[in-house]
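Taking it in order: structure first as C-alpha cells, then the write-up.
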Amino acid sequence: MKTRLNVNVDHVATLRQARMGGEPDPVAAAVAAELAGAQGIVVHLREDRRHIQNTDLILLKESVQTKLNMEMAPTDEMIEIAVNTLPDVVTLVPEKRQEITTEGGLDVRGDIEKISAAIKEIKRAGILVSIFADPNSDQIMATSKTGADMVELHTGSYANTSDKTGMITQLDKIRKATEEALSQELRVSAGHGLNYLNVTAVSRIKGIEELNIGHSIISQAIFRGMEKAVKEMIDLL
Ligand code: PXP
C-alpha cells in the first residue's frame, strides 16, 4: 500500500507572522494541499504561538476534509485546547522555547507517568494519540506502555546525515524501530527533515503508514505552487 502524505502548513503561518497580517493563510494552504492529494494536514500549536495561532486551529478543524493532526507539548493548556477543538489526531512533541524547530523526540521513558496521564485525557475525548519519538528501542518500549495509538518516528538524524554509510545506518534504526513498534501494536508514521531527495527510502520501509512533511514542501511551493509541490512529493512515495 502507498505511504500516505500529511502536509505540515506551519511555515505558511511563519511567513504570515513575519508581518503579523493575514497572508499567506495556512488554511488556504491546507485546502490546496488536500486538493492536490494530501491525506492529512498537520499543524504545531506552540506555546509561544510563533506560527500557528488558536484561530488557525479552529478554522482548520472546520475546513479540513481529510485528517487534522495537531502537534503539541503535553501541557495542561494544550490538552484543554485539544479536547475543546477535537482534531482527529494529537501528536505529543517536546518543546523548547529557544529551538528553531523540534529538535528530538519526546523523552517518553523519562516522563512516562505525566505522558500517560495526558494521553488518557486526550483519548477520553475520542482523539487518536501519537507520540513523536526517536527511533530507539527504549523510547518505543516506553511509548507502548503509555496507551498511545501510534508512534511518529523522528527522521531528523537520517535527514541530517549526508554520507551514504551514515544514511544506511540511520535507515536501519528507523526500520528496526518500525518493526518493534508494530510488534507492540503501535501504528507507525515518520517525519522531520524529509525532502524530495531523501523521502523515497523512508517511504519504502514496510509498516510506516504515513509521512508528515512540512518545510521542504512549503519551500518548493514558493517556486512551483502548492499543487505541484504536493503532487511531486506524493509521486515519490
Ligand atoms: N513531525 C513533527 C513531529 C514535527 O515537529 C515536524 C516539524 O514541525 C515535522 C514532522 C515536519 O518536519 P519538516 O518541516 O522538517 O518536514
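Numbering starts fresh at 1 for the residues of each chain in the C-alpha cells, the chains themselves are lettered A, B, ... in the order given, and ligands are numbered from 1 as they appear.
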Worksheet item: Using only C-alpha atoms, which residues sit within 6 Å of stretch 144-153 of chain A once same-chain residues fewer than 5 positions away are excluded, as a VMD selection string?
Response: chain A and resid 116 129 to 135 186 to 190
Discussion item. Set the distance at 9 Å and use only C-alpha atoms: which residues neighbour A:Thr14 once local chain neighbours fewer than 4 positions away are removed? I'd like the list as JSON, numbers by chain.
Written reply: {"A": [10, 18, 50, 51, 52]}
For the selection just defined, write its residues with N, CA, C and O atoms to a file, as a short mmCIF file (atom, residue, chain, number, x, y, z; two decimals), in the first residue's frame.
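Contents of again.cif, freshly written:
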```cif
data_model
loop_
_atom_site.label_atom_id
_atom_site.label_comp_id
_atom_site.auth_asym_id
_atom_site.auth_seq_id
_atom_site.Cartn_x
_atom_site.Cartn_y
_atom_site.Cartn_z
N ASP A 10 2.74 24.70 8.96
CA ASP A 10 3.26 25.68 9.93
C ASP A 10 4.00 26.83 9.25
O ASP A 10 3.89 27.99 9.66
N ALA A 18 5.52 36.96 10.04
CA ALA A 18 6.63 37.90 9.83
C ALA A 18 6.11 39.32 9.71
O ALA A 18 6.80 40.28 10.03
N ARG A 50 4.48 30.98 17.73
CA ARG A 50 5.36 31.64 16.75
C ARG A 50 4.83 31.52 15.32
O ARG A 50 5.19 32.28 14.46
N HIS A 51 4.02 30.48 15.07
CA HIS A 51 3.42 30.40 13.71
C HIS A 51 1.91 30.16 13.79
O HIS A 51 1.14 31.08 13.60
N ILE A 52 1.49 28.96 14.04
CA ILE A 52 0.05 28.66 14.09
C ILE A 52 -0.58 29.32 15.33
O ILE A 52 -0.02 29.27 16.43
#
```
Item to complete: Please report, as a ChimeraX atom specification, each residue of stretch 4-234 of chain A to which DSSP assigns strand (DSSP E) when run on this structure's backbone.
Response: /A:4-8,40-44,68-72,89-92,128-133,150-154,187-191,208-213
Practice prompt. Please identify all polymer residues within 10 Å of A:Val64, counting only C-alpha atoms, omitting same-chain residues fewer than 5 positions from it, and present them as a ChimeraX atom specification.
Written response: /A:27,30-31,34,40-41,59,87
Take the residues from that selection and put them in a file with C-alpha atoms, as a JSON list (two decimals), in the first residue's frame.
```
[["chain", "number", "residue", "atom", "x", "y", "z"],
["A", 27, "VAL", "CA", -5.97, 27.39, 5.99],
["A", 30, "ALA", "CA", -4.30, 23.25, 3.71],
["A", 31, "VAL", "CA", -7.19, 23.38, 1.21],
["A", 34, "GLU", "CA", -5.83, 18.47, 0.15],
["A", 40, "GLY", "CA", -3.83, 14.82, 6.16],
["A", 41, "ILE", "CA", -2.92, 18.27, 7.43],
["A", 59, "LEU", "CA", -10.66, 27.22, 11.19],
["A", 87, "PRO", "CA", -8.56, 17.36, 15.97]]
```
Item to complete: Give the residue list for ligand 1 at 6 Å, counting only C-alpha atoms and all ligand atoms, as a PyMOL selection string, sorted by chain and then by residue number.
Response: chain A and resi 93+102+132+191-194+212-216
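Omitting A:Ile234 and its sequence neighbours fewer than 4 positions away, and counting only C-alpha atoms, the residues within 9 Å are Thr3, Arg4, Leu5, Gly37, Ala38, Ala229 and Val230 of chain A.
Put simply, atom CA of A:Glu62 is 10.4 Å away from atom CA of A:Leu86.
Among the candidate residues A:Thr155, A:Asp138, A:Glu179, A:Ile58, the one lying nearest to A:Glu103 is A:Thr155, with distances computed using only C-alpha atoms.
Distances here use only C-alpha atoms; by that measure, the residue among A:Leu197, A:Val12, A:Met233, A:Met78 closest to A:Arg46 is A:Met78.
The set of residues in stretch 72-114 of chain A assigned to helix (DSSP H, G or I) by DSSP, using only backbone atoms of this structure, is Asp76, Glu77, Met78, Ile79, Glu80, Ile81, Ala82, Val83, Asn84, Thr85, Arg109, Gly110, Asp111, Ile112, Glu113 and Lys114 of chain A.
Nearest residue to A:Tyr196, choosing from A:Pro94, A:Ala181, A:Asp235, A:Lys176 and counting only C-alpha atoms: A:Asp235.
Interatomic distance, atom CA of A:Asn6 to atom CA of A:Val42: 6.5 Å.
When only C-alpha atoms are used to compute distances to A:Gly22, the closest of the residues A:Ser63, A:Leu236, A:Gln39, A:Thr55 turns out to be A:Thr55.
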